[in-house]
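**Student:** Structure supplied as work_10.cif; contents: mmCIF, C-alpha atoms.
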data_input
loop_
_atom_site.group_PDB
_atom_site.id
_atom_site.type_symbol
_atom_site.label_atom_id
_atom_site.label_comp_id
_atom_site.auth_asym_id
_atom_site.auth_seq_id
_atom_site.Cartn_x
_atom_site.Cartn_y
_atom_site.Cartn_z
ATOM 1 C CA MET Z 1 -13.734 -4.296 -13.025
ATOM 2 C CA SER Z 2 -15.034 -1.702 -10.602
ATOM 3 C CA ARG Z 3 -14.910 1.980 -11.388
ATOM 4 C CA TRP Z 4 -12.545 2.783 -8.504
ATOM 5 C CA LEU Z 5 -10.169 -0.059 -9.347
ATOM 6 C CA SER Z 6 -9.803 1.227 -12.878
ATOM 7 C CA ALA Z 7 -9.312 4.776 -11.600
ATOM 8 C CA ALA Z 8 -6.748 3.660 -9.003
ATOM 9 C CA LYS Z 9 -4.742 1.921 -11.696
ATOM 10 C CA ASP Z 10 -4.894 5.057 -13.826
ATOM 11 C CA GLN Z 11 -3.617 7.102 -10.869
ATOM 12 C CA MET Z 12 -0.661 4.772 -10.388
ATOM 13 C CA LYS Z 13 0.173 4.822 -14.084
ATOM 14 C CA SER Z 14 0.177 8.628 -14.015
ATOM 15 C CA ILE Z 15 2.512 8.647 -11.013
ATOM 16 C CA ILE Z 16 4.894 6.119 -12.532
ATOM 17 C CA GLU Z 17 5.076 7.911 -15.869
ATOM 18 C CA GLY Z 18 4.989 11.418 -14.423
ATOM 19 C CA ILE Z 19 7.713 11.197 -11.779
ATOM 20 C CA ASN Z 20 10.438 10.257 -14.237
ATOM 21 C CA LYS Z 21 9.376 12.966 -16.702
ATOM 22 C CA LEU Z 22 9.284 15.597 -13.954
ATOM 23 C CA ILE Z 23 12.762 14.725 -12.685
ATOM 24 C CA GLU Z 24 14.201 14.718 -16.212
ATOM 25 C CA LYS Z 25 12.687 18.151 -16.850
ATOM 26 C CA GLU Z 26 13.410 19.872 -13.535
ATOM 27 C CA TYR Z 27 16.702 18.171 -12.621
ATOM 28 C CA PRO Z 28 18.381 17.107 -15.878
ATOM 29 C CA SER Z 29 21.807 16.686 -14.248
ATOM 30 C CA LEU Z 30 20.533 14.586 -11.350
ATOM 31 C CA LYS Z 31 21.595 10.946 -11.530
ATOM 32 C CA LEU Z 32 18.559 9.335 -9.991
ATOM 33 C CA GLN Z 33 17.042 5.911 -10.515
ATOM 34 C CA LEU Z 34 13.417 5.351 -9.576
ATOM 35 C CA ARG Z 35 12.288 1.783 -9.089
ATOM 36 C CA PHE Z 36 8.705 0.669 -8.587
ATOM 37 C CA ALA Z 37 7.067 -2.480 -7.267
ATOM 38 C CA ILE Z 38 3.429 -3.549 -6.981
ATOM 39 C CA VAL Z 39 1.775 -5.961 -4.550
ATOM 40 C CA GLY Z 40 -1.859 -6.665 -5.369
ATOM 41 C CA TYR Z 41 -3.599 -8.551 -2.578
ATOM 42 C CA ARG Z 42 -6.844 -10.309 -1.786
ATOM 43 C CA ASP Z 43 -8.088 -11.868 1.431
ATOM 44 C CA ILE Z 44 -6.952 -14.951 3.325
ATOM 45 C CA GLY Z 45 -8.226 -18.037 1.535
ATOM 46 C CA ASP Z 46 -8.385 -16.415 -1.903
ATOM 47 C CA ARG Z 47 -6.074 -18.136 -4.356
ATOM 48 C CA PRO Z 48 -3.808 -16.694 -5.362
ATOM 49 C CA GLN Z 49 -3.803 -14.151 -2.568
ATOM 50 C CA PHE Z 50 -0.906 -12.003 -3.777
ATOM 51 C CA PHE Z 51 0.101 -10.721 -7.200
ATOM 52 C CA THR Z 52 3.597 -9.259 -7.193
ATOM 53 C CA GLN Z 53 5.734 -7.208 -9.520
ATOM 54 C CA ASP Z 54 9.163 -6.905 -7.919
ATOM 55 C CA PHE Z 55 11.264 -3.752 -8.128
ATOM 56 C CA THR Z 56 12.136 -2.559 -11.593
ATOM 57 C CA ASP Z 57 13.061 0.738 -13.219
ATOM 58 C CA LYS Z 58 11.243 -0.318 -16.402
ATOM 59 C CA THR Z 59 8.007 1.657 -16.220
ATOM 60 C CA ASN Z 60 6.435 -0.174 -19.161
ATOM 61 C CA GLN Z 61 6.868 -3.466 -17.300
ATOM 62 C CA VAL Z 62 5.079 -2.110 -14.222
ATOM 63 C CA ILE Z 63 2.220 -0.654 -16.264
ATOM 64 C CA THR Z 64 1.790 -3.914 -18.176
ATOM 65 C CA PHE Z 65 1.557 -5.731 -14.837
ATOM 66 C CA LEU Z 66 -1.064 -3.277 -13.554
ATOM 67 C CA ASN Z 67 -3.181 -3.914 -16.631
ATOM 68 C CA THR Z 68 -3.424 -7.620 -15.742
ATOM 69 C CA LEU Z 69 -5.015 -7.041 -12.316
ATOM 70 C CA THR Z 70 -8.754 -7.515 -11.831
ATOM 71 C CA ALA Z 71 -11.140 -7.491 -8.849
ATOM 72 C CA SER Z 72 -12.589 -10.737 -7.473
ATOM 73 C CA GLY Z 73 -12.728 -12.839 -4.315
ATOM 74 C CA GLY Z 74 -13.455 -11.591 -0.823
ATOM 75 C CA GLY Z 75 -16.267 -12.744 1.453
ATOM 76 C CA ASP Z 76 -16.150 -10.217 4.264
ATOM 77 C CA LEU Z 77 -15.204 -6.539 4.366
ATOM 78 C CA PRO Z 78 -11.814 -6.773 6.156
ATOM 79 C CA GLU Z 79 -8.763 -7.849 4.171
ATOM 80 C CA ASP Z 80 -5.283 -9.108 5.023
ATOM 81 C CA VAL Z 81 -3.644 -5.677 5.106
ATOM 82 C CA LEU Z 82 -0.851 -6.720 7.480
ATOM 83 C CA GLY Z 83 -0.101 -9.757 5.326
ATOM 84 C CA ALA Z 84 0.174 -7.485 2.291
ATOM 85 C CA LEU Z 85 2.585 -5.146 4.073
ATOM 86 C CA ASP Z 86 4.625 -8.158 5.176
ATOM 87 C CA ARG Z 87 4.794 -9.298 1.550
ATOM 88 C CA CYS Z 88 5.914 -5.815 0.583
ATOM 89 C CA LEU Z 89 8.644 -5.747 3.220
ATOM 90 C CA THR Z 90 9.985 -9.105 2.045
ATOM 91 C CA LEU Z 91 10.377 -7.962 -1.560
ATOM 92 C CA THR Z 92 13.919 -8.405 -2.777
ATOM 93 C CA ASN Z 93 16.175 -5.585 -3.894
ATOM 94 C CA TRP Z 94 15.147 -2.793 -1.537
ATOM 95 C CA SER Z 95 17.986 -0.297 -1.911
ATOM 96 C CA ASN Z 96 19.947 1.345 0.892
ATOM 97 C CA THR Z 97 18.729 4.897 0.315
ATOM 98 C CA ASN Z 98 16.904 7.515 2.342
ATOM 99 C CA ALA Z 99 13.930 7.587 -0.020
ATOM 100 C CA ARG Z 100 11.644 4.599 0.393
ATOM 101 C CA PHE Z 101 7.866 4.810 0.170
ATOM 102 C CA ILE Z 102 4.924 2.442 0.442
ATOM 103 C CA VAL Z 103 1.548 3.603 -0.868
ATOM 104 C CA LEU Z 104 -1.344 1.524 0.482
ATOM 105 C CA ILE Z 105 -4.546 1.777 -1.575
ATOM 106 C CA THR Z 106 -7.593 0.013 -0.124
ATOM 107 C CA ASP Z 107 -11.263 0.444 0.738
ATOM 108 C CA ALA Z 108 -11.161 -2.114 3.570
ATOM 109 C CA PRO Z 109 -9.650 -2.376 7.061
ATOM 110 C CA GLY Z 110 -7.396 -5.178 8.198
ATOM 111 C CA HIS Z 111 -8.624 -8.113 10.268
ATOM 112 C CA GLY Z 112 -8.916 -8.030 14.045
ATOM 113 C CA PRO Z 113 -9.612 -5.508 16.806
ATOM 114 C CA GLU Z 114 -6.486 -3.422 16.142
ATOM 115 C CA LEU Z 115 -7.698 -2.389 12.700
ATOM 116 C CA ASN Z 116 -11.422 -3.068 12.430
ATOM 117 C CA ASN Z 117 -14.297 -1.451 14.343
ATOM 118 C CA ASN Z 118 -16.952 -3.940 13.253
ATOM 119 C CA LEU Z 119 -15.828 -7.435 14.268
ATOM 120 C CA SER Z 120 -19.289 -8.874 13.566
ATOM 121 C CA ILE Z 121 -18.464 -8.856 9.845
ATOM 122 C CA ASP Z 122 -14.900 -10.132 10.308
ATOM 123 C CA ARG Z 123 -14.167 -13.807 9.592
ATOM 124 C CA HIS Z 124 -10.921 -13.397 11.559
ATOM 125 C CA PRO Z 125 -12.017 -11.236 14.527
ATOM 126 C CA GLN Z 126 -8.863 -12.033 16.517
ATOM 127 C CA GLY Z 127 -6.630 -10.997 13.650
ATOM 128 C CA ALA Z 128 -5.014 -12.991 10.884
ATOM 129 C CA GLY Z 129 -1.672 -14.734 11.054
ATOM 130 C CA THR Z 130 1.168 -13.700 13.329
ATOM 131 C CA HIS Z 131 1.448 -10.084 12.179
ATOM 132 C CA THR Z 132 0.420 -7.167 14.384
ATOM 133 C CA VAL Z 133 0.445 -3.418 13.854
ATOM 134 C CA ASN Z 134 3.410 -3.246 16.245
ATOM 135 C CA SER Z 135 5.443 -5.872 14.415
ATOM 136 C CA ILE Z 136 4.774 -4.383 10.973
ATOM 137 C CA CYS Z 137 5.477 -0.805 12.088
ATOM 138 C CA ASP Z 138 8.692 -1.896 13.810
ATOM 139 C CA ARG Z 139 9.845 -3.282 10.462
ATOM 140 C CA LEU Z 140 8.633 -0.243 8.507
ATOM 141 C CA LEU Z 141 10.591 2.004 10.871
ATOM 142 C CA LYS Z 142 13.646 -0.206 11.342
ATOM 143 C CA LYS Z 143 16.709 1.933 12.021
ATOM 144 C CA ASP Z 144 18.615 2.934 8.867
ATOM 145 C CA ALA Z 145 15.911 1.395 6.662
ATOM 146 C CA GLU Z 146 12.862 3.503 7.518
ATOM 147 C CA ILE Z 147 9.964 3.690 5.073
ATOM 148 C CA ASP Z 148 7.403 6.471 4.640
ATOM 149 C CA LEU Z 149 3.863 5.054 4.546
ATOM 150 C CA MET Z 150 1.132 6.755 2.527
ATOM 151 C CA PHE Z 151 -2.451 5.555 2.873
ATOM 152 C CA CYS Z 152 -4.878 6.322 0.041
ATOM 153 C CA ARG Z 153 -8.283 5.960 1.653
ATOM 154 C CA ILE Z 154 -11.343 5.153 -0.416
ATOM 155 C CA LYS Z 155 -13.944 4.570 2.319
ATOM 156 C CA PRO Z 156 -12.819 6.656 5.313
ATOM 157 C CA LYS Z 157 -15.437 5.350 7.750
ATOM 158 C CA ALA Z 158 -14.490 1.733 7.070
ATOM 159 C CA THR Z 159 -10.753 2.289 7.495
ATOM 160 C CA ALA Z 160 -10.704 4.994 10.217
ATOM 161 C CA LYS Z 161 -9.502 2.683 13.013
ATOM 162 C CA MET Z 162 -6.741 1.222 10.845
ATOM 163 C CA GLU Z 163 -5.633 4.694 9.808
ATOM 164 C CA LYS Z 164 -5.449 5.818 13.441
ATOM 165 C CA ALA Z 165 -3.428 2.734 14.435
ATOM 166 C CA PHE Z 166 -0.719 3.403 11.856
ATOM 167 C CA GLN Z 167 -0.776 7.153 12.529
ATOM 168 C CA THR Z 168 -0.192 6.560 16.246
ATOM 169 C CA HIS Z 169 2.862 4.365 15.645
ATOM 170 C CA TYR Z 170 4.439 6.720 13.125
ATOM 171 C CA ASP Z 171 3.810 9.791 15.300
ATOM 172 C CA ALA Z 172 5.401 8.082 18.310
ATOM 173 C CA GLN Z 173 8.684 7.619 16.415
ATOM 174 C CA LYS Z 174 8.619 10.674 14.163
ATOM 175 C CA ASP Z 175 11.345 12.586 16.022
ATOM 176 C CA GLU Z 176 13.680 9.599 15.870
ATOM 177 C CA THR Z 177 12.999 8.366 12.335
ATOM 178 C CA GLY Z 178 11.910 11.489 10.468
ATOM 179 C CA LYS Z 179 9.376 9.316 8.635
ATOM 180 C CA VAL Z 180 5.709 10.199 8.310
ATOM 181 C CA PHE Z 181 2.352 8.524 7.792
ATOM 182 C CA THR Z 182 0.350 10.444 5.201
ATOM 183 C CA THR Z 183 -3.301 10.002 4.240
ATOM 184 C CA ILE Z 184 -4.992 10.977 0.989
ATOM 185 C CA GLN Z 185 -8.666 10.774 0.002
ATOM 186 C CA LEU Z 186 -8.328 9.046 -3.355
ATOM 187 C CA PHE Z 187 -11.867 9.558 -4.705
ATOM 188 C CA ASP Z 188 -14.979 11.478 -3.777
ATOM 189 C CA ASP Z 189 -17.943 9.679 -2.199
ATOM 190 C CA LYS Z 190 -19.785 9.191 -5.490
ATOM 191 C CA GLN Z 191 -16.930 7.076 -6.849
ATOM 192 C CA GLN Z 192 -16.763 4.617 -3.953
ATOM 193 C CA GLU Z 193 -17.696 1.028 -4.730
ATOM 194 C CA THR Z 194 -16.898 -2.140 -2.785
ATOM 195 C CA GLN Z 195 -14.626 -4.655 -4.483
ATOM 196 C CA SER Z 196 -12.057 -7.187 -3.342
ATOM 197 C CA PHE Z 197 -8.765 -6.053 -4.761
ATOM 198 C CA HIS Z 198 -6.247 -3.781 -3.116
ATOM 199 C CA PHE Z 199 -2.737 -2.537 -3.779
ATOM 200 C CA VAL Z 200 0.528 -1.855 -2.069
ATOM 201 C CA PHE Z 201 2.389 0.469 -4.419
ATOM 202 C CA VAL Z 202 6.099 0.763 -3.645
ATOM 203 C CA LEU Z 203 8.583 3.454 -4.677
ATOM 204 C CA ASP Z 204 12.288 2.987 -4.019
ATOM 205 C CA GLU Z 205 14.633 5.823 -4.949
ATOM 206 C CA SER Z 206 18.286 5.019 -5.478
#
In structure tokens, what does this structure look like?
**Tutor:**
Amino acid sequence: MSRWLSAAKDQMKSIIEGINKLIEKEYPSLKLQLRFAIVGYRDIGDRPQFFTQDFTDKTNQVITFLNTLTASGGGDLPEDVLGALDRCLTLTNWSNTNARFIVLITDAPGHGPELNNNLSIDRHPQGAGTHTVNSICDRLLKKDAEIDLMFCRIKPKATAKMEKAFQTHYDAQKDETGKVFTTIQLFDDKQQETQSFHFVFVLDES
């Protein structure tokens, strides 16, 4: 298991365990249920491609699932990011609340010219599947079901074009939806290592 994969899992565990404790401490009278889901994804052709933990409020169950994930597969740098977001959006049991978040953690861009600057290393240079940035963002920002998207970048140069594509779509609809695209540098440069496992980490507040 790569160093960054292990560290990313530790970060998610801290978030999952810490959010509930913080709310209980700061807002003891607040009746709030936090539910988490995980979509681990690999590239097109890897089997299995997706590893999914559906929404649950049982933090131990989510952490146990995280502990089973390992890095393998791949073949080129780009990964099926849009396919992973599609899988996330088709999870069952999204609640009808105003607090829905997707946290995308990856060191690799998506396939195709919309998301990847270097098509010479892309096995799917025209993109993969039927998903586009437009179609995914339209679903992320669907009226009355909008989702905040947070991107945890690991290799900023590799994912810069993808980051800009999502930022542009969110900014264009910010006044209407109130939702934002946020980026975070997850590790410093010394911790960056290439592997072939990536996460979509989902938080649904109800």
**Student:** Restricting the calculation to all atoms listed in the file: of Z:Ile105, Z:Asp54, Z:Ile154, Z:Thr68, which residue gets closest to Arg87 in chain Z?
**Tutor:** Z:Asp54
**Student:** Carefully work through the PyMOL selection byres ((chain Z and resi 182) around 8) for this structure and note down the residues it includes, as a PyMOL selection string.
**Tutor:** chain Z and resi 149-151+180-181+183-184
**Student:** Selected by the PyMOL selection byres ((chain Z and resi 160) around 12) in the shown coordinates: which residues, as a PyMOL selection string?
**Tutor:** chain Z and resi 106-110+114-118+151-159+161-167+183+185
**Student:** Can you pull out the residues contacting Asp148 in chain Z? Cut-off 10 Å, using all atoms listed in the file, and skip same-chain residues under 3 positions away; I want them as number ranges by chain.
**Tutor:** Z: 98-103, 140-141, 170, 177-182, 203
**Student:** Suppose you want the space between CA of Phe36 in chain Z and CA of Phe55 in chain Z; what is it in Å?
**Tutor:**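 Taking CA of Phe36 in chain Z as the start and CA of Phe55 in chain Z as the end point, the length is 5.1 Å.
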**Student:** Selection in question (the file shown): the PyMOL selection byres ((chain Z and resi 56) around 10). Which residues does it include, as a list in words?
**Tutor:** Gln33, Leu34, Arg35, Phe36, Ala37, Ile38, Gln53, Asp54, Phe55, Asp57, Lys58, Thr59, Asn60, Gln61, Val62, Asn93, Leu203 and Asp204 of chain Z
**Student:** List as a VMD selection string the protein and nucleic acid residues near Leu85 in chain Z, meaning an atom at most 12 Å away when only C-alpha atoms are counted, but skip any in the same chain fewer than 2 places from it.
**Tutor:** chain Z and resid 38 to 41 50 79 to 83 87 to 91 101 to 105 110 131 to 133 135 to 140 147 149 151 198 to 202
**Student:** Rounded to one decimal place, report the CA of Pro78 in chain Z-CA of Asp122 in chain Z distance in Å.
**Tutor:**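 Between these atoms lies a distance of 6.2 Å.
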**Student:** Between CA of Lys21 in chain Z and CA of Trp94 in chain Z, what is the distance in Å, rounded to a tenth?
**Tutor:** 22.6 Å
**Student:** Between Z:Leu77, Z:Lys25, Z:His169, Z:Ile44, single out the one closest to Leu119 in chain Z, counting all atoms listed in the file.
**Tutor:**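 Checking each of Z:Leu77, Z:Lys25, Z:His169, Z:Ile44 against Leu119 in chain Z, counting all atoms listed in the file, the winner is Z:Leu77.
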**Student:** Have a look at Z:Ile16, Z:Ile63, Z:Ala145, Z:Ala84 and name the one nearest to Asp43 in chain Z; count all atoms listed in the file.
**Tutor:**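 Distance minimum relative to Asp43 in chain Z lands on Z:Ala84.
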